Amino acid sequence: MNKENFKIVRDPIHGNIRFSGIFVDLLESPELQRLHNIKQLGFAYMVFPGANHTRLEHSIGAYHMARRAGDALSLDEDERILLECAALLHDIGHGPFSHTLESILREKFGIDHVDLTERILRGEEGILKEDEKRFVDSKSVVNILEENGIDKSRIVDIIRGRCRKEKYLSQLLNSPIDVDQLDYLLRDGYYTGVAYGTVDVDRFFHTLTLHNDGLAINRKGVSVVENILISRELMYSSVYFHKTVRIAELMLSKAMELIDDVFEFYKLTDGEMLSELREKGELQREMVVRLKYRRLFKQVYSVPAVDEEKVEILDYLEDPRKRSEKEEELEDELNIPRGHIIIDVPKRELFLSEPRIDKVEIPVIYDGEIIDLREVTPIAGAIKEKKIPDWYLMVIVDERYRERVADRIEKLILG
């Protein structure tokens, strides 16, 4: 008698996670194993030394959360397989250091990590380099899905949030209460050591339900959903957009931005990308070495997100091209080498990388009726109005030029 092909993965967040059948093969695919070498939180480890967990760990956790959602909602077997495949594979298009270089990816290639995920799933983009193929005998995700009769288009639709008939499948990966967020809040909170990511997952799944082909919660789940929304807001303001983490990300992005022949960095791992980048020029080598030894640029000027008067004056800098032009103008005026003044206007990038950040519209079954979460709790509305991060604009500079910049930067910026 043949034994079932299965594997147990011991996860520090969820305990033992069982993989069987197709999911064992997917776990061994090169597309997923590559994520073992990509940090989930980019440069967050510079502030939170424990934050060295990877995209693969998160993908495994999202898969586990999807299984629990399937149980809670009594989904049929076909739907469960599609959902679990989508959860496990939803991040295979992420490039080095996760979201750090997303703006460069859009600017240089006109795509984002979700586009790359779709291309990989459709077989239009490969991860393995030519000189790697002879050493890797594991099947690609495309081959595994096709051999098991899994509709790749439906998986793409779930990941992109465009399932029209079974809306709840998309919502389980694209909504204010999806399984992706459930895992990353728990996982990132655990590894950074902050207390913000604590969520009562058991109670959440106990109160999760379906209504009109969409997700909803019953009234007993309002408090746990409040907890999810508050955790998300605190993690973004205190961890994901921590000022020092952001500075490191900006330095790497600037090094990539100032390369003439941008290579296909999005297929690489963190280490491979830094190794290639340092050979691209003197500025690139400088940035890589600085990041290696945590010799970061310093903030020299900032505009608070609540300063509406200055925000209105500076909103043109949300355009990446105009921002680059302004940086060059400042460098010329202050006699500073290229790439050593960086202007950060994170609002646009935040919403592109995390479109759920201000989404709080969650149906609640309350006394037999469906109402919006905002009618039940003021917390939802407050979170929607919260400014993240707390700066609208920040200027960072090489420490060597700080004194030269400090006295003149506000006048030069505001013009």
# chains A, B, ... in the order shown; residues from 1 in each chain; ligands from 1
$ residues_around --residues "Leu373 in chain A" --least-positions-apart "2" --cutoff "8 Å" --atoms "only C-alpha atoms" --output "list of chain:residue names"
A:Val222, A:Val360, A:Glu361, A:Ile362, A:Pro363, A:Val364, A:Ile371, A:Glu375, A:Val376, A:Thr377, A:Ala380
$ select_by_dssp --residues "range 24-174 of chain A" --states "alpha helix (DSSP H)" --output "JSON, numbers by chain"
{"A": [24, 25, 26, 27, 28, 30, 31, 32, 33, 55, 56, 57, 58, 59, 60, 61, 62, 63, 64, 65, 66, 67, 68, 69, 70, 71, 72, 73, 77, 78, 79, 80, 81, 82, 83, 84, 85, 86, 87, 88, 89, 102, 103, 104, 105, 106, 107, 108, 109, 113, 114, 115, 116, 117, 118, 119, 120, 121, 141, 142, 143, 144, 145, 146, 147, 152, 153, 154, 155, 156, 157, 158, 159, 160, 167, 168, 169, 170, 171]}
$ closest_residue --among "A:Ile13, A:Ile383, A:Ile313, A:Ile158" --to "Thr198 in chain A" --atoms "only C-alpha atoms"
A:Ile13
$ closest_residue --among "A:Lys359, A:Ile81, A:Val136, A:Ile247" --to "Asp178 in chain A" --atoms "only C-alpha atoms"
A:Lys359
$ closest_residue --among "A:Arg338, A:His94, A:His36, A:Lys386" --to "Ser237 in chain A" --atoms "only C-alpha atoms"
A:Lys386
$ closest_atom_pairs --of "range 141-175 of chain A" --to "range 16-31 of chain A" --cutoff "8 Å" --atoms "only C-alpha atoms" --output "JSON lines"
{"residue": "A:Val141", "atom": "CA", "partner": "A:Leu26", "partner_atom": "CA", "distance": 6.1}
{"residue": "A:Ile144", "atom": "CA", "partner": "A:Leu26", "partner_atom": "CA", "distance": 6.9}
{"residue": "A:Leu145", "atom": "CA", "partner": "A:Ile22", "partner_atom": "CA", "distance": 7.9}
{"residue": "A:Asn148", "atom": "CA", "partner": "A:Ile22", "partner_atom": "CA", "distance": 7.2}
$ write_last_selection --atoms "N, CA and C atoms" --output "PDB file, in the first residue's frame"
ATOM      1  N   VAL A 141       6.444  25.641 -10.992  1.00  0.00           N
ATOM      2  CA  VAL A 141       5.053  25.726 -10.540  1.00  0.00           C
ATOM      3  C   VAL A 141       4.089  25.526 -11.710  1.00  0.00           C
ATOM      4  N   ILE A 144       3.787  21.799 -12.369  1.00  0.00           N
ATOM      5  CA  ILE A 144       3.075  21.129 -11.272  1.00  0.00           C
ATOM      6  C   ILE A 144       1.580  21.403 -11.369  1.00  0.00           C
ATOM      7  N   LEU A 145       1.213  22.645 -11.601  1.00  0.00           N
ATOM      8  CA  LEU A 145      -0.205  22.992 -11.706  1.00  0.00           C
ATOM      9  C   LEU A 145      -0.854  22.307 -12.907  1.00  0.00           C
ATOM     10  N   ASN A 148      -1.475  18.588 -12.459  1.00  0.00           N
ATOM     11  CA  ASN A 148      -2.553  18.297 -11.512  1.00  0.00           C
ATOM     12  C   ASN A 148      -3.897  18.874 -11.945  1.00  0.00           C
TER      13      ASN A 148
END
$ residues_around --residues "Ile177 in chain A" --least-positions-apart "6" --cutoff "10 Å" --atoms "only C-alpha atoms" --output "JSON, numbers by chain"
{"A": [171, 204, 208, 215, 216, 217, 225, 228, 229, 356, 359, 360, 361, 362]}
$ write_last_selection --atoms "N, CA and C atoms" --output "JSON list (two decimals), in the first residue's frame"
[["chain", "number", "residue", "atom", "x", "y", "z"],
["A", 171, "GLN", "N", -11.51, 37.79, -1.94],
["A", 171, "GLN", "CA", -11.45, 38.56, -0.69],
["A", 171, "GLN", "C", -10.55, 37.90, 0.35],
["A", 204, "PHE", "N", -11.17, 35.04, 15.27],
["A", 204, "PHE", "CA", -11.45, 35.58, 13.95],
["A", 204, "PHE", "C", -12.12, 34.54, 13.06],
["A", 208, "LEU", "N", -15.90, 34.48, 11.24],
["A", 208, "LEU", "CA", -15.89, 34.73, 9.79],
["A", 208, "LEU", "C", -17.01, 33.94, 9.12],
["A", 215, "LEU", "N", -17.27, 37.90, 1.90],
["A", 215, "LEU", "CA", -16.90, 37.71, 3.29],
["A", 215, "LEU", "C", -17.65, 38.69, 4.19],
["A", 216, "ALA", "N", -17.97, 38.22, 5.38],
["A", 216, "ALA", "CA", -18.57, 39.06, 6.41],
["A", 216, "ALA", "C", -18.16, 38.50, 7.76],
["A", 217, "ILE", "N", -18.40, 39.28, 8.80],
["A", 217, "ILE", "CA", -18.16, 38.78, 10.16],
["A", 217, "ILE", "C", -19.45, 38.97, 10.96],
["A", 225, "VAL", "N", -11.68, 42.19, 14.66],
["A", 225, "VAL", "CA", -11.41, 42.94, 13.43],
["A", 225, "VAL", "C", -10.84, 44.32, 13.76],
["A", 228, "ILE", "N", -7.27, 43.70, 14.25],
["A", 228, "ILE", "CA", -6.54, 43.53, 12.99],
["A", 228, "ILE", "C", -6.22, 44.89, 12.37],
["A", 229, "LEU", "N", -7.21, 45.77, 12.32],
["A", 229, "LEU", "CA", -7.02, 47.09, 11.71],
["A", 229, "LEU", "C", -6.02, 47.93, 12.50],
["A", 356, "ARG", "N", -4.49, 48.04, 0.45],
["A", 356, "ARG", "CA", -5.46, 47.79, 1.52],
["A", 356, "ARG", "C", -5.27, 48.71, 2.71],
["A", 359, "LYS", "N", -8.32, 50.53, 3.75],
["A", 359, "LYS", "CA", -9.59, 49.82, 3.52],
["A", 359, "LYS", "C", -10.15, 49.30, 4.85],
["A", 360, "VAL", "N", -11.33, 49.76, 5.19],
["A", 360, "VAL", "CA", -11.97, 49.35, 6.45],
["A", 360, "VAL", "C", -13.43, 48.94, 6.21],
["A", 361, "GLU", "N", -13.83, 48.85, 4.94],
["A", 361, "GLU", "CA", -15.22, 48.53, 4.63],
["A", 361, "GLU", "C", -15.44, 47.02, 4.78],
["A", 362, "ILE", "N", -15.98, 46.63, 5.90],
["A", 362, "ILE", "CA", -16.17, 45.22, 6.22],
["A", 362, "ILE", "C", -17.63, 45.00, 6.62]]
$ closest_residue --among "A:Asn52, A:Asn5, A:Thr269, A:Ser170" --to "Gly214 in chain A" --atoms "only C-alpha atoms"
A:Ser170
$ atom_distance --atom1 "CA of Arg278 in chain A" --atom2 "CA of Met256 in chain A"
10.2 Å
$ residues_around --residues "Asp151 in chain A" --least-positions-apart "6" --cutoff "12 Å" --atoms "only C-alpha atoms" --output "compact mmCIF listing (two decimals) with N, CA and C atoms, in the first residue's frame"
# COMPACT_ATOMS: atom_id res chain seq x y z
N ASP A 78 -12.55 21.68 -4.42
CA ASP A 78 -11.96 22.39 -5.56
C ASP A 78 -11.60 23.83 -5.19
N GLU A 79 -12.51 24.48 -4.47
CA GLU A 79 -12.25 25.86 -4.06
C GLU A 79 -11.08 25.92 -3.09
N ILE A 81 -8.50 23.92 -2.84
CA ILE A 81 -7.22 23.71 -3.53
C ILE A 81 -6.80 24.99 -4.25
N LEU A 82 -7.75 25.64 -4.94
CA LEU A 82 -7.43 26.88 -5.64
C LEU A 82 -6.97 27.96 -4.67
N LEU A 83 -7.70 28.11 -3.57
CA LEU A 83 -7.35 29.13 -2.58
C LEU A 83 -6.00 28.86 -1.96
N CYS A 85 -3.50 27.08 -3.20
CA CYS A 85 -2.45 27.31 -4.20
C CYS A 85 -2.18 28.81 -4.35
N ALA A 86 -3.23 29.61 -4.41
CA ALA A 86 -3.06 31.06 -4.57
C ALA A 86 -2.33 31.65 -3.37
N LEU A 121 3.17 32.41 -13.31
CA LEU A 121 2.11 31.41 -13.28
C LEU A 121 1.61 31.06 -14.68
N ARG A 122 1.68 31.99 -15.59
CA ARG A 122 1.25 31.74 -16.97
C ARG A 122 2.37 31.17 -17.83
N VAL A 142 4.46 26.01 -12.89
CA VAL A 142 3.59 25.84 -14.06
C VAL A 142 3.40 24.36 -14.37
N ASN A 143 4.49 23.61 -14.39
CA ASN A 143 4.38 22.18 -14.68
C ASN A 143 3.57 21.45 -13.62
N ILE A 144 3.79 21.80 -12.37
CA ILE A 144 3.07 21.13 -11.27
C ILE A 144 1.58 21.40 -11.37
N LEU A 145 1.21 22.64 -11.60
CA LEU A 145 -0.20 22.99 -11.71
C LEU A 145 -0.85 22.31 -12.91
N ASP A 157 -6.65 35.00 -10.94
CA ASP A 157 -7.81 35.83 -10.60
C ASP A 157 -7.96 35.99 -9.08
N ILE A 158 -7.71 34.92 -8.33
CA ILE A 158 -7.79 35.01 -6.87
C ILE A 158 -6.72 35.95 -6.34
$ residues_around --residues "Val345 in chain A" --least-positions-apart "6" --cutoff "12 Å" --atoms "only C-alpha atoms" --output "number ranges by chain"
A: 103, 241, 246-247, 250, 302-305, 311, 314-320, 322-324, 351, 388-396
$ closest_residue --among "A:Leu268, A:Leu169, A:Ala382, A:Leu186" --to "Leu210 in chain A" --atoms "only C-alpha atoms"
A:Leu169
$ residues_around --residues "range 328-334 of chain A" --least-positions-apart "5" --cutoff "9 Å" --atoms "only C-alpha atoms" --output "count of residues only"
11
$ closest_residue --among "A:Ser353, A:Ser223, A:Thr192, A:Gln284" --to "Leu252 in chain A" --atoms "only C-alpha atoms"
A:Gln284
